[in-house]
Structures are given as C-alpha cells and as structure tokens.
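**Student:** Here it is, the structure, as structure tokens.
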Amino acid sequence: MDKTEEFNALVKAAEYTGATKDMFGGAGNGFILVNKNKILGLNSVEGLEVKAEELDNGIKATIRVLKGYKLEQPVHVCFGVIGDEGEQIIDSEYILEENSEAKFISHCSFPTAKKVIHRMTSKVHIGKNAKMKYEEVHFHGKDGGVEVVPYTEAIIEENGYFGSYFKLIQGRVGKLYIKYTFNLKDKAVADMDSKIYGKKDDIIKIKEIINLNGRESRGTVKARVFASDSTYSEVYTEIYGNAPYCKGHVDCIEVVKGENAIVSAIPVIKVTNDLAELTHEASIGRVNKKELETLMARGLTEDEATDMIVKGMLS
Amino acid sequence: MLFLKNIHVYRDEIEILQNINMDFEKGKIYSILGSNGAGKSTLAKTIIGFTNVEKGSIILNSKDITNASITERAKAGITIALQEPARFEGITVKNYITLGGRYDSKDIIEIFEMIGLDHNKYIDRFVDESLSGGERKRIELAAVLMMNAKIVIFDEPDSGIDALSIPNIVNILQYIKSQGNIAIVITHNENIAAIVDYAYLICDKTVKKRGKSLTVSNYFKNKCFTCDYKEKGVN
C-alpha cells in the first residue's frame, strides 16, 4: 500500500468518527494524520505549531498553540492502524501558551484490528488563562482485536480550562486501559467525560484522577459505560481537594445488560483542606426502572426503551 | 370502557389496595382522592402496569388486560404522567414527546401553548437534570398529550414548585375530555374538583366513597382531615 492509499484508507475509517477528507488537507485547519508509525499528513496554521517525527513503532509529536492565539477551527488529530496487526506508540505533548484557545478532535481508527496495540502517552500543559478542549472519538472493528492504552497527565495553570472527552461506542472496545491525571492550579477548571459501549468479552478499565491543588479550582469526572454480554468494566475515579474553596464532583453510571457482564465503580473523594468541597454519585446495574417504565408507558417495548436510554446516555 | 374489578395489590406481602372496584367511561374526567399513603399512586401504577395485581381484574374495552405488559397497555391507549417524572440523558424534548404518537409540528405548537412553554426554547433541550422540576412536569404533560391516549392518568399534576398553573391543568383535562378520552387525575385541588365528573375517595386501602366530584371532595375536606388528625393523636 503506497502513502496515498494509506491516507485514503485511514481517512475513510476516520469517517466513522465524524471526520471528512477536507479536514486533512482542504479546510485550512491544523492536522496530523498517522498510520502506525508513518506520518501521512501534517499541517500547522497561524498560531499553531505541529511538529512530529517517526519512530520505529510510532511517532513523537509536539503540538503548541502560541500565546494569545485563539484557533477558530478545530485541530484534527488522526491516529490509526490500517491492517490486522501492529503496534502504534504515540508520544505526544500538547502545550497551550498563555491566553490561547484551541479545540482538538482526535479520530482514532482501527477498523480491521485483530492484534493491534495503540499506546498513547500525552503530556498536556494549559497555560494561564488558556482553554483547551480535547475530544477523542474511536472507531474499532468488529473483532475486538485492539488494545488501547491512553495515558494523559495534564497541568492546568491559573484560570486555565481543560475539557477532555473520550468516546468509544462504535465497534468492539477490545481492551481499554485509560489513565488520566489532571493537576489544577488556582481557579483552574477541568472536565473529564468518557462514554464507552462494551460488547462480548471487552475489557474496560478506567482510572481518572483530578488533583484540585489550586484555590477555587474546580473539576468534574463523568463516566458512562454500557456493559453488554460478557463485558468487564472497572471505573476508578478520584478527586482530591487540596486547596481552599476548590470544588469537585464525580458522576459515574454503568449500565449492565448481560448475564456474564461484570461492572464496578470505585469513586474516591479525599479532602486535605477543610475549605474544600467534594461530592460524588454513582449508579451501577440494570437500566433505571423508572426510566424504562416511563418509556414503556409511551408504547416502547422493553428492548426499544433500553436501547433508547443507552443511546441517550452515550450520545 | 375501563373497569377495575375486585383489585387487590400487595407490596412486600403487605396489602396496599383491597377490593378496589372502579369504572371509567369515555369522555369524562375522574379524580382520585385520599390522604397521604392511602394508595392513590399505587392505584395509578396498577392501571398502567408498573405494579402487579395480586387478585382481581382490569378490563379495557371488554378485554382483560390484567396481565398485559406496560407496553401493551400503552399501545391499547393507557398512559401516565408521573408526579416526579424520570429524566433522560441525551434524549431531546422533541424525541421524547413524539415517542408515542403525533409528529406534526402544528400539534407540538398547540400542546406547548397548553403547557405554558415556548416550544422554540424547549424542543431541542434534553429531558435531563438541566430542566427544573416544574419544566420537567410540563414536558411530561406534553408527552402524554402528544400520545392522544384514550386514558391519561395524571399523578398530582399540580404538586411542587413551578408546577403548571391550575387554569392550565383544567384546560388540559377539558381538552382530553373534548377528544372523547378519559382523564384520571390524582389531586385534592378544589378548582380541579369543580370540573371533574366523578370522584373516588380511597381510604384504608379501599374505595371509601364514590360519586359526584364536589360531594366526594367536600366529604374528603370535612371528614378525612379530621380523621387524619385523630390518627396522629392531635385534638
């Protein structure tokens, strides 16, 4: 497969995550597109620097939004493996300088994976008053032969914002091991949001940690998992209130529908400052009875109602 | 049209409803009265099928629906607007209110006028925690009205802060009646009682009194409050 064919195949797979071909060459936005360890496309725009180099089994990238720049168009990041097997290591660094703003949409596609490992380690630095949104949308094939390991460590400086949204609802999850740790300084705000649909014998392990180290910092962790068939799901969420007037909230719902599915939710909230305020809510188990009955009272069957509730929860 | 015959309902082996007999005819408004804990909401949930009947039968249009599922009852024309409706992540108001029947935008506008909300401001919102309790109750009323159901049960539509105003509720009940359908409303409100055709008073698990709305309503007001106080040991 030559580079053009690889490009076209990856973009076609990424269409399932909402991507279009013009996002990688025609729309004037920043982007980077990588198949295994090959950089198939890369573009910087004014205020955005995208630098990357190929490694033996992946790439190393640094993405920087310059001081004061507010990028009008999202930056599209497309990582994937076209083919049945392979390892892809992404070593990335995102830097938003002071007063900058940017939205990143990461399209991760593994359409025919049978034995693929995608390991992504990201360091994120959000400068003072800077704002970053990062949406990661996955498209996996039907075989479940992919292991995804995203690790992110973020520092959010004073009055900065970091919103992180992870979505894997198309195809089989395979094995997913998420670990995110966000460290917030004064008045910084962070949101973590993950939505995952497990099927067959998928394994989902999520560990999301927010350290509210700054005065008046705020953080929320929200997780939604639907575990069908024999899915195994563990969601660990931790928020630490270490500063005066910081506020944090954990909100986890895992719905199970499958005789052999196993789900667990372990929310940890810990305060080390007596002016901090943390809350949590978690529900795991069958689809909420009241929601189910209400939709059935509109004429939906139990299966139709369950489907609608799950689709809504993961939308 | 709808008959409840010798209905007994148990929860955790405790009898909640005992020998309930009621009948409902089309084109009429009915009210269910009773003190807190009398079993009014359980009765509503029994009619829609959320709660199972231990003994007795429910007959709809000469057909026994005692063991019919909630879905089957809804398809047969029965629905309910709960006192505290469920909330749904990711489901828009438009999707929610068009689940059971009509999709016509003219109907949506008309029904939103009835529930006192601007449809433009609400139609694309989610039926989730972002709606206030009152807004959510109004959306629930819109959903049951959009179904054009033959029998609509309203569980305390006037309760709570920011609930729909009484004239609006009266208007909705009269609209259902004008369509030749049945409205069953659980309420103690006197203004609503004034337009109700027939009332049932539930006390001590069963129907204590039945008859013209104002007669039953006055009986409840004069006798039941006193009775409540007696039970609580207040002179």
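Residues in the structure tokens are named by chain (A, B, ... in the order shown) and by number from 1 within that chain; ligands are numbered from 1 in the order shown.
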Using only C-alpha atoms, which residues sit within 9 Å of Ile32 of chain A once same-chain residues fewer than 4 positions away are excluded, as a list in words?
**Tutor:**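 Once the nearby chain positions are removed, what remains is Phe24, Ile39, Leu40, Gly41, Leu42, Asn43, Ser44, Val50, Ala52, Val75, His76, Val77, Cys78 and Phe79 of chain A.
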**Student:** Residues of segment 65-284 of chain A classed as strand (DSSP E or B) by DSSP on the backbone are to be reported as a ChimeraX atom specification.
**Tutor:** /A:65,70,75-80,85-96,101-110,115-126,131-140,146-156,161-170,175-184,189-198,203-212,218-228,232-241,247-257,262-271,277-284
**Student:** Point out the residue among B:Thr42, B:Thr98, B:Thr71, B:Asn36 with the least atom-to-atom distance to chain A, counting only C-alpha atoms.
**Tutor:**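 Answer, going by the shortest atom-to-atom distance: B:Thr71.
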**Student:** Could you list, as a JSON list (two decimals) with C-alpha atoms, in the first residue's frame, every residue within 9 Å of segment 122-135 of chain A, counting only C-alpha atoms and ignoring same-chain residues fewer than 6 positions away?
**Tutor:**
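Produced file out-v9.json, reproduced below:
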[["chain", "number", "residue", "atom", "x", "y", "z"],
["A", 67, "LYS", "CA", 0.47, 32.82, 23.28],
["A", 68, "GLY", "CA", -2.74, 34.77, 22.74],
["A", 70, "LYS", "CA", -7.48, 31.52, 19.63],
["A", 90, "ILE", "CA", 2.14, 7.90, 20.25],
["A", 91, "ASP", "CA", 4.31, 10.07, 22.46],
["A", 92, "SER", "CA", 2.69, 13.49, 22.39],
["A", 93, "GLU", "CA", 2.89, 16.82, 24.10],
["A", 94, "TYR", "CA", 0.22, 19.49, 23.91],
["A", 95, "ILE", "CA", 1.17, 22.98, 25.01],
["A", 96, "LEU", "CA", -1.29, 25.84, 25.16],
["A", 97, "GLU", "CA", 0.55, 29.02, 25.93],
["A", 98, "GLU", "CA", -0.97, 31.82, 27.99],
["A", 99, "ASN", "CA", -4.33, 33.18, 26.84],
["A", 100, "SER", "CA", -4.58, 30.77, 23.93],
["A", 101, "GLU", "CA", -7.59, 28.66, 23.00],
["A", 102, "ALA", "CA", -7.95, 25.57, 20.86],
["A", 103, "LYS", "CA", -10.16, 22.56, 20.29],
["A", 104, "PHE", "CA", -8.65, 19.24, 19.23],
["A", 105, "ILE", "CA", -10.59, 16.37, 17.75],
["A", 106, "SER", "CA", -8.77, 13.08, 17.80],
["A", 107, "HIS", "CA", -10.02, 10.43, 15.36],
["A", 150, "PRO", "CA", -4.23, 6.22, 26.62],
["A", 151, "TYR", "CA", -2.29, 7.86, 29.43],
["A", 152, "THR", "CA", -2.60, 11.61, 29.91],
["A", 153, "GLU", "CA", -1.03, 13.82, 32.51],
["A", 154, "ALA", "CA", -2.11, 17.45, 32.48],
["A", 155, "ILE", "CA", -1.14, 20.59, 34.31],
["A", 156, "ILE", "CA", -3.67, 23.39, 34.18],
["A", 157, "GLU", "CA", -2.29, 26.73, 35.21],
["A", 158, "GLU", "CA", -4.15, 29.59, 36.88],
["A", 159, "ASN", "CA", -7.60, 30.23, 35.40],
["A", 160, "GLY", "CA", -6.97, 27.70, 32.65],
["A", 161, "TYR", "CA", -9.51, 25.18, 31.34],
["A", 162, "PHE", "CA", -9.13, 21.63, 30.09],
["A", 163, "GLY", "CA", -12.10, 19.61, 28.84],
["A", 164, "SER", "CA", -11.35, 16.02, 27.91],
["A", 165, "TYR", "CA", -13.99, 13.87, 26.18],
["A", 166, "PHE", "CA", -13.40, 10.22, 25.30],
["A", 167, "LYS", "CA", -15.92, 8.25, 23.25],
["A", 182, "PHE", "CA", -5.10, 16.31, 35.86],
["A", 188, "ALA", "CA", -8.34, 26.29, 37.00]]
**Student:** Dump as CSV the rows for residues of chain B within 8 Å of chain A: closest atom pair and distance in Å with one decimal, only C-alpha atoms counted, ordered by chain and rising residue number.
**Tutor:**
residue,atom,partner,partner_atom,distance
B:Ile48,CA,A:Ala297,CA,7.2
B:Phe50,CA,A:Glu293,CA,6.9
B:Ile70,CA,A:Ala297,CA,5.8
B:Thr71,CA,A:Gly299,CA,4.8
B:Glu72,CA,A:Gly299,CA,7.2
B:Arg73,CA,A:Ala297,CA,7.6
B:Ala74,CA,A:Gly299,CA,4.9
B:Lys75,CA,A:Gly299,CA,5.3
B:Ile78,CA,A:Ala297,CA,7.7
B:Thr79,CA,A:Ala297,CA,5.4
B:Ile80,CA,A:Ala297,CA,6.8
B:Pro85,CA,A:Thr294,CA,7.8
B:Ala86,CA,A:Glu291,CA,5.4
B:Arg87,CA,A:Glu291,CA,7.0
B:Phe88,CA,A:Ile309,CA,7.0
B:Glu89,CA,A:Met313,CA,5.2
B:Gly90,CA,A:Gly312,CA,3.9
B:Ile91,CA,A:Gly312,CA,5.3
B:Leu99,CA,A:Arg298,CA,6.3
B:Gly100,CA,A:Arg298,CA,4.9
B:Val144,CA,A:Arg298,CA,7.7
B:Met147,CA,A:Arg298,CA,7.4
**Student:** Neighbouring residues of Asp274 of chain A were defined as those with any atom within 12 Å, considering only C-alpha atoms; residues of the same chain fewer than 4 positions away were excluded. Please report them as an MDAnalysis selection string.
**Tutor:** chainID A and resid 240:247 270 278
**Student:** Env of Lys114 of chain A: 12 Å cut, atoms = only C-alpha atoms, seq-sep filter 6 positions within chain, self excluded. Answer as a compact mmCIF listing (two decimals) with N, CA and C atoms, in the first residue's frame.
**Tutor:**
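Written output follows (result_23.txt):
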# COMPACT_ATOMS: atom_id res chain seq x y z
N VAL A 81 -4.47 2.39 12.78
CA VAL A 81 -3.69 1.29 12.19
C VAL A 81 -4.57 0.65 11.12
N ILE A 82 -4.12 0.76 9.88
CA ILE A 82 -4.81 0.09 8.79
C ILE A 82 -4.14 -1.28 8.63
N GLY A 83 -4.89 -2.30 8.80
CA GLY A 83 -4.32 -3.65 8.78
C GLY A 83 -4.70 -4.40 10.03
N ASP A 84 -4.36 -5.69 10.06
CA ASP A 84 -4.80 -6.55 11.15
C ASP A 84 -3.92 -6.46 12.39
N GLU A 85 -2.63 -6.20 12.17
CA GLU A 85 -1.69 -6.27 13.29
C GLU A 85 -0.81 -5.03 13.36
N GLY A 86 -0.21 -4.84 14.50
CA GLY A 86 0.75 -3.76 14.59
C GLY A 86 0.72 -3.08 15.93
N GLU A 87 1.75 -2.31 16.17
CA GLU A 87 1.85 -1.56 17.42
C GLU A 87 2.02 -0.09 17.06
N HIS A 140 -13.62 1.27 16.23
CA HIS A 140 -12.94 -0.02 16.22
C HIS A 140 -13.73 -1.00 15.37
N GLY A 141 -13.05 -1.98 14.84
CA GLY A 141 -13.72 -3.01 14.04
C GLY A 141 -14.52 -3.96 14.92
N LYS A 142 -15.05 -5.00 14.28
CA LYS A 142 -15.97 -5.90 14.99
C LYS A 142 -15.26 -7.05 15.71
N ASP A 143 -13.95 -7.16 15.54
CA ASP A 143 -13.24 -8.32 16.08
C ASP A 143 -12.75 -8.14 17.52
N GLY A 144 -12.63 -6.94 17.97
CA GLY A 144 -12.16 -6.70 19.34
C GLY A 144 -10.67 -6.95 19.52
N GLY A 145 -9.95 -6.95 18.42
CA GLY A 145 -8.52 -7.26 18.49
C GLY A 145 -7.63 -6.05 18.68
N VAL A 146 -8.07 -5.12 19.48
CA VAL A 146 -7.26 -3.92 19.70
C VAL A 146 -7.14 -3.64 21.19
N GLU A 147 -5.96 -3.24 21.57
CA GLU A 147 -5.71 -2.85 22.96
C GLU A 147 -5.34 -1.37 22.94
N ARG A 172 -16.16 -3.03 18.52
CA ARG A 172 -15.75 -3.62 19.80
C ARG A 172 -14.70 -2.76 20.48
N VAL A 173 -14.77 -2.70 21.79
CA VAL A 173 -13.74 -1.97 22.54
C VAL A 173 -12.41 -2.73 22.46
N GLY A 174 -12.48 -4.06 22.61
CA GLY A 174 -11.26 -4.85 22.77
C GLY A 174 -10.82 -4.71 24.21
N LYS A 175 -9.62 -4.17 24.39
CA LYS A 175 -9.14 -3.90 25.74
C LYS A 175 -8.82 -2.41 25.84
**Student:** Restricting the calculation to only C-alpha atoms: of A:Glu5, A:Asp303, A:Asp229, A:Glu208, which residue gets closest to Ile262 of chain A?
**Tutor:**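 Of all the options, A:Asp229 lies closest to Ile262 of chain A.
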**Student:** To one decimal place in Å, what is the distance between atom CA of Gly18 of chain A and atom CA of Gly219 of chain A?
**Tutor:**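 Those two atoms sit 27.6 Å apart.
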**Student:** May I ask for the distance between atom CA of Arg138 of chain B and atom CA of His119 of chain B, given in Å to one decimal place?
**Tutor:**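 Taking atom CA of Arg138 of chain B and atom CA of His119 of chain B, their separation equals 11.5 Å.
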**Student:** With distances taken over only C-alpha atoms, which residue among B:Ile47, B:Ile172, B:Val53, B:Ile151 lies nearest Ile111 of chain B?
**Tutor:** B:Ile172
**Student:** Ranking A:Ser264, A:Gln73, A:Gln170, A:Thr231 by minimum distance to Phe31 of chain A and counting only C-alpha atoms, which one comes first?
**Tutor:**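 The shortest atom-to-atom distance to Phe31 of chain A comes from A:Gln73.
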**Student:** If you count only C-alpha atoms, which residues fall within 7 Å of Val185 of chain B, apart from same-chain ones fewer than 3 positions away, as a list in words?
**Tutor:**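 Counting only C-alpha atoms, the residues come to Tyr30, Ser31, Ile32, Ile153, Phe154, Asp155 and Glu156 of chain B.
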**Student:** Given only C-alpha atoms as the basis, pick out the residue of A:Ala61, A:Cys108, A:Leu184, A:Val271 nearest to Ala14 of chain A.
**Tutor:**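 Closest to Ala14 of chain A of all the choices is A:Cys108.
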**Student:** If you run DSSP on this backbone, which residues of segment 4-149 of chain B come out as helix (DSSP H, G or I), and could you give them as a VMD selection string?
**Tutor:** chain B and resid 40 to 48 70 to 75 93 to 97 105 to 114 119 to 122 133 to 147
**Student:** Pull C-alpha atoms from the residues just selected and write them as a short mmCIF file (atom, residue, chain, number, x, y, z; two decimals), in the first residue's frame.
**Tutor:**
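Once written, part28.cif looks like this:
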data_model
loop_
_atom_site.label_atom_id
_atom_site.label_comp_id
_atom_site.auth_asym_id
_atom_site.auth_seq_id
_atom_site.Cartn_x
_atom_site.Cartn_y
_atom_site.Cartn_z
CA LYS B 40 -53.60 6.67 45.18
CA SER B 41 -50.26 6.48 43.37
CA THR B 42 -50.22 2.69 43.72
CA LEU B 43 -53.62 2.62 42.06
CA ALA B 44 -52.32 4.76 39.19
CA LYS B 45 -49.30 2.47 38.78
CA THR B 46 -51.56 -0.57 38.86
CA ILE B 47 -53.69 0.74 36.00
CA ILE B 48 -50.65 1.40 33.78
CA ILE B 70 -46.88 -1.76 30.26
CA THR B 71 -46.15 -1.56 26.54
CA GLU B 72 -49.31 -3.45 25.63
CA ARG B 73 -51.38 -1.17 27.83
CA ALA B 74 -49.77 1.92 26.30
CA LYS B 75 -50.47 0.62 22.82
CA VAL B 93 -37.68 17.06 24.29
CA LYS B 94 -38.71 16.61 20.66
CA ASN B 95 -37.70 12.94 20.60
CA TYR B 96 -39.35 12.35 23.94
CA ILE B 97 -42.72 13.94 23.26
CA SER B 105 -45.29 20.49 14.30
CA LYS B 106 -48.71 22.15 14.47
CA ASP B 107 -49.67 19.74 17.25
CA ILE B 108 -46.40 20.46 19.05
CA ILE B 109 -47.01 24.21 19.00
CA GLU B 110 -50.61 23.79 20.18
CA ILE B 111 -49.64 21.45 23.01
CA PHE B 112 -46.78 23.67 24.15
CA GLU B 113 -49.25 26.52 24.41
CA MET B 114 -51.36 24.31 26.65
CA HIS B 119 -41.71 25.32 22.16
CA ASN B 120 -38.83 27.10 20.39
CA LYS B 121 -36.95 27.36 23.67
CA TYR B 122 -37.51 23.77 24.75
CA GLY B 133 -38.81 20.13 38.36
CA GLY B 134 -41.67 22.25 37.06
CA GLU B 135 -40.35 22.30 33.50
CA ARG B 136 -39.93 18.53 33.58
CA LYS B 137 -43.51 18.05 34.77
CA ARG B 138 -44.80 20.24 31.96
CA ILE B 139 -42.80 18.29 29.38
CA GLU B 140 -44.37 15.13 30.79
CA LEU B 141 -47.81 16.60 30.23
CA ALA B 142 -46.82 17.48 26.65
CA ALA B 143 -45.65 13.90 26.09
CA VAL B 144 -48.93 12.35 27.22
CA LEU B 145 -50.95 14.89 25.24
CA MET B 146 -48.93 14.12 22.12
CA MET B 147 -49.88 10.45 22.52
#
**Student:** Segment 252-255 of chain A: which residues within 6 Å, counting only C-alpha atoms, same-chain residues fewer than 2 positions away excluded, as a PDB file with N, CA and C atoms, in the first residue's frame?
**Tutor:**
ATOM      1  N   LYS A 222     -16.883  12.549  34.802  1.00  0.00           N
ATOM      2  CA  LYS A 222     -18.153  11.927  34.432  1.00  0.00           C
ATOM      3  C   LYS A 222     -17.852  10.698  33.585  1.00  0.00           C
ATOM      4  N   ALA A 223     -18.379   9.575  33.971  1.00  0.00           N
ATOM      5  CA  ALA A 223     -18.149   8.348  33.190  1.00  0.00           C
ATOM      6  C   ALA A 223     -19.472   7.654  32.913  1.00  0.00           C
ATOM      7  N   ARG A 224     -19.637   7.205  31.685  1.00  0.00           N
ATOM      8  CA  ARG A 224     -20.820   6.453  31.298  1.00  0.00           C
ATOM      9  C   ARG A 224     -20.380   5.192  30.566  1.00  0.00           C
ATOM     10  N   VAL A 225     -20.755   4.047  31.105  1.00  0.00           N
ATOM     11  CA  VAL A 225     -20.361   2.781  30.472  1.00  0.00           C
ATOM     12  C   VAL A 225     -21.603   1.910  30.323  1.00  0.00           C
ATOM     13  N   PHE A 226     -21.762   1.337  29.144  1.00  0.00           N
ATOM     14  CA  PHE A 226     -22.793   0.316  28.954  1.00  0.00           C
ATOM     15  C   PHE A 226     -22.063  -1.000  28.742  1.00  0.00           C
ATOM     16  N   ALA A 282     -22.824   7.701  42.034  1.00  0.00           N
ATOM     17  CA  ALA A 282     -22.517   6.573  41.151  1.00  0.00           C
ATOM     18  C   ALA A 282     -23.691   5.615  41.165  1.00  0.00           C
ATOM     19  N   SER A 283     -24.027   5.109  40.003  1.00  0.00           N
ATOM     20  CA  SER A 283     -25.024   4.045  39.966  1.00  0.00           C
ATOM     21  C   SER A 283     -24.564   2.991  38.988  1.00  0.00           C
ATOM     22  N   ILE A 284     -24.658   1.751  39.408  1.00  0.00           N
ATOM     23  CA  ILE A 284     -24.292   0.663  38.511  1.00  0.00           C
ATOM     24  C   ILE A 284     -25.372  -0.404  38.583  1.00  0.00           C
ATOM     25  N   GLY A 285     -25.538  -1.099  37.492  1.00  0.00           N
ATOM     26  CA  GLY A 285     -26.531  -2.161  37.473  1.00  0.00           C
ATOM     27  C   GLY A 285     -27.445  -2.056  36.277  1.00  0.00           C
ATOM     28  N   ARG A 286     -28.625  -2.592  36.437  1.00  0.00           N
ATOM     29  CA  ARG A 286     -29.563  -2.637  35.310  1.00  0.00           C
ATOM     30  C   ARG A 286     -30.027  -1.234  34.920  1.00  0.00           C
ATOM     31  N   VAL A 287     -30.678  -1.154  33.778  1.00  0.00           N
ATOM     32  CA  VAL A 287     -31.227   0.122  33.316  1.00  0.00           C
ATOM     33  C   VAL A 287     -32.225   0.617  34.357  1.00  0.00           C
TER      34      VAL A 287
END
